[in-house]
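Enquirer: Structure provided below as structure tokens; questions to follow.
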Amino acid sequence: MTTATTGPAAVKGAVGTAHTRVEGRDKVTGAARYAGEIPFADLAHGWLALSTVARGRVRSLDTDAVLGMPGVLAVLHHGNAPRVDTDYVGMLGIPPDPTAAVFQDDRVPHVGWPVALVVAETPEQAREAAEALVVTYDEEPHDTVLTADHPGAYPADGHMPAETEKGDLAASLAASAVVVDEEYTTPEEHHSMMEPHAATALWDGGRLEVIDSNQGATWVQTELAKMFSLDESAVRVRSEHIGGGFGSKGLRAHQVSAVMAATVLQRPVRVVMTRRQMFSLAGHRSPTVQRVRLGADADGRLRALEHRSLNQTSTVYEFVEPGAGVARVMYDADAHRTANHVVRLDVPSPTFMRAPGEAPGSFAIESALDELAERCGVDPIELRLRNEPEAGPVSGLPFSSRNLAACFREGARRFGWAERDPRPGIRRDGRWLLGTGTAAASFGAGAGPSTALLTAEADGTFTVRISAADLGTGARTALTLVAADALEVTPERVRVRIGDSDFGPAMIAGGSMGTRSWAWAITEAARELRERLALGPAVPPEGITVRSDTTEALGALAQKERHSYGAQFAEVAVDTATGEVRVRRMLGIFAAGRIVNPLTARNQLVGGMIWGISMALHEEAVRDRATGGLYAPDLAGYHVATHADVGDVDADWVDDHDPDDPVGIKGVGEIGIVGAAAAVANAVRHATGVRHRSLPIRPDRVL
Ligand code: MOS
């Protein structure tokens with residue numbers, strides 16, 4: 001039995017104090033090895049060959065020609081690759097994206113679909129042969145264009161119901177003194193994290209080992225076991241250091257093709273995605289077309305709210321970017337309707353990307369609220385405070401804690417909001433027009449079942465083993481602090497080992513749930529270990545190990561609306577001659593539960609906000625209708641905010657804790673990006689008097 005009653009007040013010491021990354025020195029000295037650079041004897045290298053057409057079938061592959069090239073060992077394709085099982089539901093409760101189950105048939109559903117893996121002695125030989133491989137196709141007409149009125153659109157659930165509805169929307173809109181009815185669009189966006197996807201697969205005495213870069217070692221382990229019909233104990237996945245994930249690093253083509261090749265060749269095989277390959281194999285954030293209708297009394301109190309969001313998915317997998325979900329948590333109205341629809345296009349499957357749903361959804365709804373505030377003549381913060389709901393607008397559930405108002409008050413004070421003149425287009429600094437904007441943020445604060453192994457070593461130190469993933473977030477360090485407090489020792493006595501599926505099942509680093517879920521398991525294990533140690537026997541040479549499992553504790557959690565909240569503030573300068581928008585200043589104040597490590601938490605929040613600037617002003621993957629592929633799918637063609645684009649960005653927080661969590665944690669992974677683009681767009685409106693409803697706010701759109 002597990003209980004989770006320790007209030008946050010009982011936990012003191014390490015949690016809440018700034019601590020540099022425990023693996024920081026290893027990372028900056030190069031001692032920390034990433035998946036693509038760990039040496040193996042007899043390692044072969046696979047290079048994926050991707051389709052150049054958007055729809056059709058592979059007619060032929062001229063494998064003979066490349067098999068004679070230097071160093072080439074094998075060419076895997078749909079005609080000779082091992083069969084895999086995709087008829088299962090994985091750890092996250094979703095079936096696998098067939099993009100990962102490579103080489104199962106001759107069908108090509110998008111540009112950049114894997115058609116072959118060329119394996120050679122060196123990466124250069126594999127690349128040369130893969131590029132020389134002649135593939136012919138029977139091409140079919142394709143459709144890669146998402147439009148608001150696409151006839152293929154249909155409601156889709158994803159991880160939430162597709163549609164919600166209460167009240168009479170038409171009647172409430174008709175009875176409203178002020179109505180906003182606008183369309184907002186966001187483009188296709190890509191994570192393109194610093195470290196590309198990389199996996200090495202090998203068979204070791206009947207056991208499959210995969211060294212990978214992923215967001216959950218047991219996630220990938222269980223998926224590979226199901227796909228290759230293996231016992232879970234026959235698969236080990238390790239993922240020690242990760243250079244970014246952002247939702248993209250689950251089961252993908254690189255691991256599956258590496259396992260196939262290692263199986264066929266019976267030697268270790270490594271597959272690394274190139275930067276360009278990531279743009280079709282690593283998933284993306286779907287573009288969205290959103291319609292928001294708001295009806296309010298003259299004082300800004302909402303009577304009607306409708307938020308509809310449309311996204312694209314592939315023809316082989318249904319992924320929902322639930323843009324309309326955020327309205328279900330944030331704002332109530334007598335008539336309340338939300339809908340997430342998808343269209344299947346001949347494009348790669350989209351996937352989770354930092355704050356899936358909330359990031360584009362908050363751009364639309366928080367822009368619409370700004371429009372409503374302006375039309376009502378009510379301050380945008382005051383408008384939001386007037387519309388704070390008592391309970392979940394759709395669920396009717398109580399909030400575990402909702403400190404949005406505190407975020408706005410603290411943010412307004414520090415940002416200097418009180419001095420703001422609401423009139424648009426009147427502040428000048430030379431050739432620049434200046435403006436400020438604000439937006440609200442929320443993101444779910446869930447938890448997933450996890451197991452932890454905790455060992456009291458004979459030398460007085462403690463070792464935590466948990467299949468957590470540190471994507472660069474500082475999770476390893478946060479868990480060290482949590483374990484230290486739970487054990488009532490200093491962090492120096494705690495060693496945290498992560499990223500190994502042999503440590504047992506654990507939540508992924510995703511959904512802003514990682515640190516919280518793992519901390520819970522560690523706290524449970526520490527409680528049990530302290531009880532064991534209190535009984536007095538000396539610690540034997542092999543140590544004393546306990547194992548925790550939070551499945552039961554999480555199952556007993558009361559049903560509540562659990563979310564982190566935030567208030568985003570931006571100040572922009574708009575160059576009236578060039579159309580350039582500069583974000584001079586940005587402040588985010590968050591209520592994100594107990595902050596474990598202020599240093600890395602601030603880093604996470606600021607990182608999300610900077611991504612919001614990037615989303616507002618730069619990011620846009622443009623698809624060529626003719627070929628169905630992207631223009632310039634690389635970091636030269638796909639613009640992200642650089643240092644020079646980022647001004648004074650700060651994040652801070654108000655006191656908050658989840659009352660049902662043993663440490664009080666909620667999560668900081670995603671909330672930083674939510675509302676950030678809307679705050680920038682609202683500031684651009686304030687600066688120029690022009691409302692931008694399509695992202696990114698490029699210079700040509702400003703002019
Ligand atoms: Mo996140 S998009 O849940 O990795």
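Convention: chains lettered A, B, ... in structure tokens order; per-chain residue numbering from 1; ligands numbered from 1 as shown.
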Could you go through range 241-326 of chain A and tell me which residues DSSP, when run on the backbone, assigns to helix (DSSP H, G or I), listing them as a VMD selection string?
Expert: chain A and resid 253 to 265 275 to 281 323 to 326
Enquirer: With N, CA, C and O atoms kept, could you save the residues just selected as a tab-separated table (two decimals), in the first residue's frame?
Expert:
```tsv
chain	number	residue	atom	x	y	z
A	253	ALA	N	11.34	5.59	-36.87
A	253	ALA	CA	11.91	4.70	-37.88
A	253	ALA	C	13.35	4.29	-37.57
A	253	ALA	O	13.77	3.19	-37.93
A	254	HIS	N	14.09	5.15	-36.87
A	254	HIS	CA	15.52	4.82	-36.66
A	254	HIS	C	15.70	3.60	-35.77
A	254	HIS	O	16.53	2.74	-36.05
A	255	GLN	N	14.92	3.52	-34.68
A	255	GLN	CA	15.08	2.36	-33.80
A	255	GLN	C	14.64	1.09	-34.50
A	255	GLN	O	15.32	0.05	-34.44
A	256	VAL	N	13.47	1.15	-35.15
A	256	VAL	CA	12.90	-0.05	-35.77
A	256	VAL	C	13.81	-0.55	-36.89
A	256	VAL	O	14.10	-1.75	-36.98
A	257	SER	N	14.30	0.37	-37.72
A	257	SER	CA	15.16	-0.09	-38.83
A	257	SER	C	16.50	-0.60	-38.30
A	257	SER	O	17.07	-1.54	-38.86
A	258	ALA	N	16.99	0.00	-37.22
A	258	ALA	CA	18.25	-0.49	-36.63
A	258	ALA	C	18.07	-1.90	-36.07
A	258	ALA	O	18.95	-2.75	-36.25
A	259	VAL	N	16.93	-2.15	-35.43
A	259	VAL	CA	16.67	-3.50	-34.89
A	259	VAL	C	16.56	-4.51	-36.04
A	259	VAL	O	17.12	-5.60	-35.99
A	260	MET	N	15.86	-4.13	-37.09
A	260	MET	CA	15.74	-5.04	-38.26
A	260	MET	C	17.12	-5.38	-38.80
A	260	MET	O	17.42	-6.56	-39.06
A	261	ALA	N	17.95	-4.36	-38.98
A	261	ALA	CA	19.27	-4.60	-39.58
A	261	ALA	C	20.16	-5.42	-38.65
A	261	ALA	O	20.89	-6.30	-39.10
A	262	ALA	N	20.10	-5.13	-37.36
A	262	ALA	CA	20.91	-5.90	-36.40
A	262	ALA	C	20.48	-7.35	-36.38
A	262	ALA	O	21.29	-8.26	-36.18
A	263	THR	N	19.19	-7.58	-36.59
A	263	THR	CA	18.66	-8.94	-36.60
A	263	THR	C	19.11	-9.69	-37.85
A	263	THR	O	19.53	-10.84	-37.79
A	264	VAL	N	19.03	-9.00	-38.98
A	264	VAL	CA	19.41	-9.63	-40.25
A	264	VAL	C	20.92	-9.89	-40.30
A	264	VAL	O	21.36	-10.97	-40.71
A	265	LEU	N	21.70	-8.89	-39.87
A	265	LEU	CA	23.16	-8.99	-40.00
A	265	LEU	C	23.83	-9.64	-38.79
A	265	LEU	O	24.99	-10.01	-38.85
A	275	ARG	N	19.53	15.93	-40.19
A	275	ARG	CA	18.66	17.08	-39.89
A	275	ARG	C	17.49	17.14	-40.87
A	275	ARG	O	16.35	17.32	-40.50
A	276	ARG	N	17.79	16.94	-42.13
A	276	ARG	CA	16.73	17.01	-43.14
A	276	ARG	C	15.74	15.86	-42.99
A	276	ARG	O	14.54	16.06	-43.16
A	277	GLN	N	16.25	14.67	-42.68
A	277	GLN	CA	15.34	13.53	-42.50
A	277	GLN	C	14.39	13.76	-41.33
A	277	GLN	O	13.24	13.32	-41.35
A	278	MET	N	14.86	14.48	-40.31
A	278	MET	CA	14.00	14.75	-39.15
A	278	MET	C	12.71	15.46	-39.56
A	278	MET	O	11.68	15.30	-38.91
A	279	PHE	N	12.80	16.25	-40.63
A	279	PHE	CA	11.63	17.03	-41.01
A	279	PHE	C	10.49	16.17	-41.56
A	279	PHE	O	9.36	16.62	-41.65
A	280	SER	N	10.79	14.91	-41.94
A	280	SER	CA	9.68	14.04	-42.32
A	280	SER	C	9.53	12.83	-41.41
A	280	SER	O	8.47	12.22	-41.37
A	281	LEU	N	10.56	12.49	-40.63
A	281	LEU	CA	10.51	11.27	-39.82
A	281	LEU	C	10.30	11.52	-38.34
A	281	LEU	O	10.00	10.60	-37.59
A	323	GLY	N	-6.31	21.93	-30.41
A	323	GLY	CA	-6.26	23.36	-30.16
A	323	GLY	C	-7.42	23.88	-29.33
A	323	GLY	O	-7.29	24.86	-28.60
A	324	ALA	N	-8.56	23.20	-29.44
A	324	ALA	CA	-9.75	23.68	-28.73
A	324	ALA	C	-9.78	23.24	-27.27
A	324	ALA	O	-10.66	23.65	-26.51
A	325	GLY	N	-8.82	22.41	-26.87
A	325	GLY	CA	-8.84	21.87	-25.51
A	325	GLY	C	-8.64	22.93	-24.44
A	325	GLY	O	-9.20	22.84	-23.34
A	326	VAL	N	-7.86	23.95	-24.75
A	326	VAL	CA	-7.50	24.94	-23.73
A	326	VAL	C	-8.73	25.70	-23.24
A	326	VAL	O	-8.84	26.06	-22.06
```
Enquirer: Set the cut-off to 9 Å, count only C-alpha atoms and all ligand atoms, and list whatever residues fall near ligand 1 as a ChimeraX atom specification.
Expert: /A:215,245-250,351-356,508-513,669-670
Enquirer: May I have the selected residues written with N, CA, C and O atoms, as a PDB file, in the first residue's frame?
Expert:
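To be explicit, this is the file written out as part.pdb:
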```
ATOM      1  N   GLN A 215      12.482   9.764 -24.985  1.00  0.00           N
ATOM      2  CA  GLN A 215      11.821  10.402 -23.849  1.00  0.00           C
ATOM      3  C   GLN A 215      11.295   9.398 -22.832  1.00  0.00           C
ATOM      4  O   GLN A 215      10.593   9.779 -21.894  1.00  0.00           O
ATOM      5  N   GLY A 245      14.014  16.749 -26.813  1.00  0.00           N
ATOM      6  CA  GLY A 245      13.002  15.791 -27.276  1.00  0.00           C
ATOM      7  C   GLY A 245      11.727  16.500 -27.720  1.00  0.00           C
ATOM      8  O   GLY A 245      11.269  16.323 -28.832  1.00  0.00           O
ATOM      9  N   PHE A 246      11.154  17.262 -26.809  1.00  0.00           N
ATOM     10  CA  PHE A 246       9.998  18.139 -27.089  1.00  0.00           C
ATOM     11  C   PHE A 246       8.775  17.398 -27.611  1.00  0.00           C
ATOM     12  O   PHE A 246       7.898  17.999 -28.222  1.00  0.00           O
ATOM     13  N   GLY A 247       8.707  16.082 -27.391  1.00  0.00           N
ATOM     14  CA  GLY A 247       7.556  15.305 -27.834  1.00  0.00           C
ATOM     15  C   GLY A 247       7.868  14.397 -29.008  1.00  0.00           C
ATOM     16  O   GLY A 247       7.120  13.481 -29.319  1.00  0.00           O
ATOM     17  N   SER A 248       8.996  14.643 -29.646  1.00  0.00           N
ATOM     18  CA  SER A 248       9.327  13.915 -30.878  1.00  0.00           C
ATOM     19  C   SER A 248      10.037  12.585 -30.636  1.00  0.00           C
ATOM     20  O   SER A 248      10.065  11.736 -31.527  1.00  0.00           O
ATOM     21  N   LYS A 249      10.609  12.401 -29.454  1.00  0.00           N
ATOM     22  CA  LYS A 249      11.482  11.237 -29.277  1.00  0.00           C
ATOM     23  C   LYS A 249      10.778  10.060 -28.615  1.00  0.00           C
ATOM     24  O   LYS A 249      11.007   9.737 -27.451  1.00  0.00           O
ATOM     25  N   GLY A 250       9.902   9.453 -29.386  1.00  0.00           N
ATOM     26  CA  GLY A 250       9.292   8.183 -29.001  1.00  0.00           C
ATOM     27  C   GLY A 250       9.791   7.105 -29.942  1.00  0.00           C
ATOM     28  O   GLY A 250      10.958   7.106 -30.335  1.00  0.00           O
ATOM     29  N   THR A 351       2.914  14.932 -34.582  1.00  0.00           N
ATOM     30  CA  THR A 351       3.046  14.284 -33.278  1.00  0.00           C
ATOM     31  C   THR A 351       2.988  15.329 -32.177  1.00  0.00           C
ATOM     32  O   THR A 351       2.722  16.503 -32.415  1.00  0.00           O
ATOM     33  N   PHE A 352       3.207  14.869 -30.958  1.00  0.00           N
ATOM     34  CA  PHE A 352       3.309  15.782 -29.815  1.00  0.00           C
ATOM     35  C   PHE A 352       4.445  16.771 -30.063  1.00  0.00           C
ATOM     36  O   PHE A 352       5.525  16.371 -30.479  1.00  0.00           O
ATOM     37  N   MET A 353       4.196  18.023 -29.826  1.00  0.00           N
ATOM     38  CA  MET A 353       5.271  19.015 -29.833  1.00  0.00           C
ATOM     39  C   MET A 353       4.927  20.009 -28.732  1.00  0.00           C
ATOM     40  O   MET A 353       3.803  20.493 -28.670  1.00  0.00           O
ATOM     41  N   ARG A 354       5.876  20.275 -27.906  1.00  0.00           N
ATOM     42  CA  ARG A 354       5.734  21.103 -26.697  1.00  0.00           C
ATOM     43  C   ARG A 354       4.380  21.826 -26.587  1.00  0.00           C
ATOM     44  O   ARG A 354       4.093  22.727 -27.353  1.00  0.00           O
ATOM     45  N   ALA A 355       3.615  21.428 -25.579  1.00  0.00           N
ATOM     46  CA  ALA A 355       2.255  21.913 -25.363  1.00  0.00           C
ATOM     47  C   ALA A 355       1.360  21.651 -26.575  1.00  0.00           C
ATOM     48  O   ALA A 355       0.778  22.570 -27.146  1.00  0.00           O
ATOM     49  N   PRO A 356       1.264  20.356 -26.973  1.00  0.00           N
ATOM     50  CA  PRO A 356       0.399  20.021 -28.099  1.00  0.00           C
ATOM     51  C   PRO A 356      -1.042  20.442 -27.791  1.00  0.00           C
ATOM     52  O   PRO A 356      -1.591  20.075 -26.763  1.00  0.00           O
ATOM     53  N   ILE A 508       7.023   8.603 -19.008  1.00  0.00           N
ATOM     54  CA  ILE A 508       7.928   9.235 -19.962  1.00  0.00           C
ATOM     55  C   ILE A 508       8.189  10.691 -19.545  1.00  0.00           C
ATOM     56  O   ILE A 508       7.480  11.252 -18.710  1.00  0.00           O
ATOM     57  N   ALA A 509       9.210  11.272 -20.146  1.00  0.00           N
ATOM     58  CA  ALA A 509       9.416  12.715 -20.026  1.00  0.00           C
ATOM     59  C   ALA A 509       8.488  13.361 -21.039  1.00  0.00           C
ATOM     60  O   ALA A 509       8.867  13.624 -22.170  1.00  0.00           O
ATOM     61  N   GLY A 510       7.256  13.567 -20.635  1.00  0.00           N
ATOM     62  CA  GLY A 510       6.275  14.117 -21.562  1.00  0.00           C
ATOM     63  C   GLY A 510       5.060  14.596 -20.809  1.00  0.00           C
ATOM     64  O   GLY A 510       4.842  14.238 -19.642  1.00  0.00           O
ATOM     65  N   GLY A 511       4.296  15.418 -21.477  1.00  0.00           N
ATOM     66  CA  GLY A 511       3.077  15.930 -20.858  1.00  0.00           C
ATOM     67  C   GLY A 511       3.351  16.729 -19.597  1.00  0.00           C
ATOM     68  O   GLY A 511       2.472  16.856 -18.735  1.00  0.00           O
ATOM     69  N   SER A 512       4.564  17.252 -19.452  1.00  0.00           N
ATOM     70  CA  SER A 512       4.983  17.975 -18.236  1.00  0.00           C
ATOM     71  C   SER A 512       4.800  17.109 -16.986  1.00  0.00           C
ATOM     72  O   SER A 512       4.618  17.611 -15.883  1.00  0.00           O
ATOM     73  N   MET A 513       4.847  15.788 -17.172  1.00  0.00           N
ATOM     74  CA  MET A 513       4.550  14.880 -16.060  1.00  0.00           C
ATOM     75  C   MET A 513       5.755  14.122 -15.550  1.00  0.00           C
ATOM     76  O   MET A 513       5.652  13.382 -14.577  1.00  0.00           O
ATOM     77  N   GLY A 669       7.378  21.767 -17.809  1.00  0.00           N
ATOM     78  CA  GLY A 669       7.913  21.460 -19.131  1.00  0.00           C
ATOM     79  C   GLY A 669       7.283  22.245 -20.271  1.00  0.00           C
ATOM     80  O   GLY A 669       7.956  22.605 -21.227  1.00  0.00           O
ATOM     81  N   GLU A 670       5.982  22.480 -20.197  1.00  0.00           N
ATOM     82  CA  GLU A 670       5.295  23.011 -21.376  1.00  0.00           C
ATOM     83  C   GLU A 670       4.640  24.365 -21.173  1.00  0.00           C
ATOM     84  O   GLU A 670       4.434  25.114 -22.124  1.00  0.00           O
TER      85      GLU A 670
END
```
Enquirer: Which is closest to Asp299 in chain A among A:Ser564, A:Gln604, A:Ser176, A:Thr20, if we use only C-alpha atoms?
Expert: A:Ser176
Enquirer: DSSP on the backbone, strand (DSSP E or B) only: what residues of range 304-467 of chain A does that give? Format it as a PyMOL selection string.
Expert: chain A and resi 304-313+335-344+399+427-429+432-444+451-456+462-465
Enquirer: Write a file of the selected residues as a compact mmCIF listing (two decimals), in the first residue's frame, keeping C-alpha atoms.
Expert:
```txt
# COMPACT_ATOMS: atom_id res chain seq x y z
CA ALA A 304 -20.97 32.44 -25.34
CA LEU A 305 -17.72 30.74 -26.30
CA GLU A 306 -16.96 28.61 -29.31
CA HIS A 307 -13.50 27.34 -30.19
CA ARG A 308 -13.06 25.07 -33.20
CA SER A 309 -9.67 23.80 -34.28
CA LEU A 310 -8.76 21.93 -37.44
CA ASN A 311 -5.47 20.13 -37.94
CA GLN A 312 -3.85 17.92 -40.53
CA THR A 313 -2.80 14.35 -40.03
CA ALA A 335 -23.14 28.47 -24.09
CA HIS A 336 -19.82 26.70 -24.53
CA ARG A 337 -18.78 24.67 -27.54
CA THR A 338 -15.40 23.26 -28.51
CA ALA A 339 -14.34 20.98 -31.34
CA ASN A 340 -11.15 19.37 -32.63
CA HIS A 341 -11.29 18.16 -36.21
CA VAL A 342 -8.67 16.62 -38.48
CA VAL A 343 -8.07 16.18 -42.20
CA ARG A 344 -6.04 13.29 -43.58
CA PHE A 399 -9.61 22.88 -9.45
CA ARG A 427 4.00 55.08 -28.86
CA ARG A 428 7.10 55.81 -30.89
CA ASP A 429 10.80 55.33 -30.35
CA TRP A 432 9.86 51.92 -33.94
CA LEU A 433 6.27 51.62 -32.78
CA LEU A 434 6.02 50.23 -29.24
CA GLY A 435 3.36 48.12 -27.62
CA THR A 436 2.68 45.69 -24.81
CA GLY A 437 0.48 42.65 -24.63
CA THR A 438 -0.55 39.93 -22.23
CA ALA A 439 -2.06 36.45 -22.35
CA ALA A 440 -2.99 33.67 -19.98
CA ALA A 441 -1.51 30.18 -19.95
CA SER A 442 -2.48 26.81 -18.63
CA PHE A 443 -1.21 23.29 -19.00
CA GLY A 444 -2.33 20.00 -17.44
CA THR A 451 8.60 2.50 -10.26
CA ALA A 452 11.82 3.44 -8.51
CA LEU A 453 14.62 1.37 -7.04
CA LEU A 454 16.38 2.95 -4.10
CA THR A 455 19.51 1.50 -2.51
CA ALA A 456 21.15 2.40 0.78
CA PHE A 462 22.20 6.26 -1.73
CA THR A 463 21.57 5.18 -5.31
CA VAL A 464 18.31 5.87 -7.10
CA ARG A 465 17.54 3.84 -10.20
```
Enquirer: What's around range 99-112 of chain A at 8 Å? Count only C-alpha atoms, leave out sequence neighbours fewer than 4 positions away in its own chain, and write the answer as number ranges by chain.
Expert: A: 50-59, 76-79, 81, 83-84, 86, 116, 251-254, 256-257, 277, 280-281, 314-316, 346-349, 627-629
Enquirer: Would you export the selected residues with N, CA and C atoms as a JSON list (two decimals), in the first residue's frame, please?
Expert:
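Once everything was written out, this is part.json:
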```json
[["chain", "number", "residue", "atom", "x", "y", "z"],
["A", 50, "LEU", "N", 14.75, 7.85, -48.36],
["A", 50, "LEU", "CA", 13.37, 8.33, -48.21],
["A", 50, "LEU", "C", 12.72, 8.60, -49.56],
["A", 51, "SER", "N", 11.41, 8.44, -49.58],
["A", 51, "SER", "CA", 10.68, 8.63, -50.83],
["A", 51, "SER", "C", 10.76, 10.08, -51.30],
["A", 52, "THR", "N", 10.72, 10.23, -52.63],
["A", 52, "THR", "CA", 10.74, 11.57, -53.21],
["A", 52, "THR", "C", 9.37, 11.95, -53.76],
["A", 53, "VAL", "N", 8.39, 11.06, -53.62],
["A", 53, "VAL", "CA", 7.04, 11.38, -54.09],
["A", 53, "VAL", "C", 6.10, 11.41, -52.88],
["A", 54, "ALA", "N", 4.97, 12.09, -53.04],
["A", 54, "ALA", "CA", 4.08, 12.30, -51.91],
["A", 54, "ALA", "C", 3.01, 11.22, -51.78],
["A", 55, "ARG", "N", 2.78, 10.47, -52.85],
["A", 55, "ARG", "CA", 1.76, 9.44, -52.77],
["A", 55, "ARG", "C", 1.95, 8.47, -53.92],
["A", 56, "GLY", "N", 1.84, 7.19, -53.59],
["A", 56, "GLY", "CA", 1.96, 6.20, -54.65],
["A", 56, "GLY", "C", 2.49, 4.88, -54.10],
["A", 57, "ARG", "N", 3.17, 4.13, -55.00],
["A", 57, "ARG", "CA", 3.73, 2.84, -54.59],
["A", 57, "ARG", "C", 5.16, 2.72, -55.11],
["A", 58, "VAL", "N", 5.95, 1.99, -54.37],
["A", 58, "VAL", "CA", 7.31, 1.71, -54.85],
["A", 58, "VAL", "C", 7.20, 0.66, -55.94],
["A", 59, "ARG", "N", 7.64, 1.01, -57.16],
["A", 59, "ARG", "CA", 7.59, 0.02, -58.23],
["A", 59, "ARG", "C", 8.84, -0.85, -58.20],
["A", 76, "LEU", "N", 17.77, -3.08, -46.85],
["A", 76, "LEU", "CA", 16.47, -3.54, -46.37],
["A", 76, "LEU", "C", 15.38, -2.69, -46.99],
["A", 77, "HIS", "N", 14.28, -3.36, -47.38],
["A", 77, "HIS", "CA", 13.14, -2.63, -47.95],
["A", 77, "HIS", "C", 11.91, -3.50, -47.78],
["A", 78, "HIS", "N", 10.79, -3.07, -48.37],
["A", 78, "HIS", "CA", 9.53, -3.78, -48.10],
["A", 78, "HIS", "C", 9.55, -5.21, -48.63],
["A", 79, "GLY", "N", 10.44, -5.50, -49.56],
["A", 79, "GLY", "CA", 10.47, -6.84, -50.13],
["A", 79, "GLY", "C", 11.25, -7.85, -49.31],
["A", 81, "ALA", "N", 12.44, -7.03, -45.68],
["A", 81, "ALA", "CA", 12.61, -6.70, -44.25],
["A", 81, "ALA", "C", 11.76, -7.60, -43.36],
["A", 83, "ARG", "N", 9.00, -8.83, -40.84],
["A", 83, "ARG", "CA", 7.64, -8.33, -40.59],
["A", 83, "ARG", "C", 7.52, -7.92, -39.13],
["A", 84, "VAL", "N", 6.74, -6.89, -38.87],
["A", 84, "VAL", "CA", 6.51, -6.47, -37.48],
["A", 84, "VAL", "C", 5.02, -6.39, -37.21],
["A", 86, "THR", "N", 1.95, -4.33, -35.73],
["A", 86, "THR", "CA", 1.55, -2.96, -35.36],
["A", 86, "THR", "C", 0.14, -2.94, -34.77],
["A", 116, "ALA", "N", 13.93, 2.45, -47.83],
["A", 116, "ALA", "CA", 15.01, 1.46, -47.70],
["A", 116, "ALA", "C", 15.99, 1.90, -46.62],
["A", 251, "LEU", "N", 8.89, 6.18, -30.32],
["A", 251, "LEU", "CA", 9.27, 5.13, -31.24],
["A", 251, "LEU", "C", 9.21, 5.67, -32.66],
["A", 252, "ARG", "N", 10.33, 5.58, -33.37],
["A", 252, "ARG", "CA", 10.41, 6.12, -34.72],
["A", 252, "ARG", "C", 11.21, 5.18, -35.62],
["A", 253, "ALA", "N", 11.34, 5.59, -36.87],
["A", 253, "ALA", "CA", 11.91, 4.70, -37.88],
["A", 253, "ALA", "C", 13.35, 4.29, -37.57],
["A", 254, "HIS", "N", 14.09, 5.15, -36.87],
["A", 254, "HIS", "CA", 15.52, 4.82, -36.66],
["A", 254, "HIS", "C", 15.70, 3.60, -35.77],
["A", 256, "VAL", "N", 13.47, 1.15, -35.15],
["A", 256, "VAL", "CA", 12.90, -0.05, -35.77],
["A", 256, "VAL", "C", 13.81, -0.55, -36.89],
["A", 257, "SER", "N", 14.30, 0.37, -37.72],
["A", 257, "SER", "CA", 15.16, -0.09, -38.83],
["A", 257, "SER", "C", 16.50, -0.60, -38.30],
["A", 277, "GLN", "N", 16.25, 14.67, -42.68],
["A", 277, "GLN", "CA", 15.34, 13.53, -42.50],
["A", 277, "GLN", "C", 14.39, 13.76, -41.33],
["A", 280, "SER", "N", 10.79, 14.91, -41.94],
["A", 280, "SER", "CA", 9.68, 14.04, -42.32],
["A", 280, "SER", "C", 9.53, 12.83, -41.41],
["A", 281, "LEU", "N", 10.56, 12.49, -40.63],
["A", 281, "LEU", "CA", 10.51, 11.27, -39.82],
["A", 281, "LEU", "C", 10.30, 11.52, -38.34],
["A", 314, "SER", "N", -1.75, 12.46, -41.14],
["A", 314, "SER", "CA", -1.33, 11.71, -42.33],
["A", 314, "SER", "C", -2.43, 10.74, -42.72],
["A", 315, "THR", "N", -2.24, 10.05, -43.84],
["A", 315, "THR", "CA", -3.21, 9.04, -44.26],
["A", 315, "THR", "C", -3.01, 7.73, -43.51],
["A", 316, "VAL", "N", -1.89, 7.62, -42.77],
["A", 316, "VAL", "CA", -1.61, 6.35, -42.08],
["A", 316, "VAL", "C", -1.82, 6.42, -40.58],
["A", 346, "ASP", "N", -1.72, 13.93, -47.51],
["A", 346, "ASP", "CA", -0.54, 13.14, -47.90],
["A", 346, "ASP", "C", 0.72, 13.79, -47.34],
["A", 347, "VAL", "N", 0.75, 13.88, -46.03],
["A", 347, "VAL", "CA", 1.86, 14.53, -45.31],
["A", 347, "VAL", "C", 2.34, 13.57, -44.22],
["A", 348, "PRO", "N", 3.54, 13.79, -43.70],
["A", 348, "PRO", "CA", 4.01, 12.96, -42.59],
["A", 348, "PRO", "C", 3.09, 13.09, -41.37],
["A", 349, "SER", "N", 3.09, 12.07, -40.53],
["A", 349, "SER", "CA", 2.25, 12.13, -39.33],
["A", 349, "SER", "C", 2.75, 13.23, -38.41],
["A", 627, "THR", "N", 5.18, 19.26, -55.21],
["A", 627, "THR", "CA", 5.90, 18.04, -54.84],
["A", 627, "THR", "C", 5.36, 17.43, -53.56],
["A", 628, "GLY", "N", 4.67, 18.22, -52.74],
["A", 628, "GLY", "CA", 4.17, 17.73, -51.46],
["A", 628, "GLY", "C", 5.24, 17.72, -50.38],
["A", 629, "GLY", "N", 6.44, 18.18, -50.72],
["A", 629, "GLY", "CA", 7.53, 18.24, -49.74],
["A", 629, "GLY", "C", 7.71, 19.65, -49.22]]
```
Enquirer: Quick check, in Å to one decimal: how far apart do CA of Ile94 in chain A and CA of Glu223 in chain A lie?
Expert: 10.7 Å
Enquirer: Rounded to one decimal, what separation in Å do you get between CA of Ala32 in chain A and CA of His241 in chain A?
Expert: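 Computed distance, CA of Ala32 in chain A to CA of His241 in chain A, equals 7.0 Å.
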Enquirer: Which neighbours of Glu492 in chain A fall inside 9 Å, counting only C-alpha atoms, when residues of the same chain fewer than 4 positions from it are skipped, and could you give them as a PyMOL selection string?
Expert: chain A and resi 461+480+484
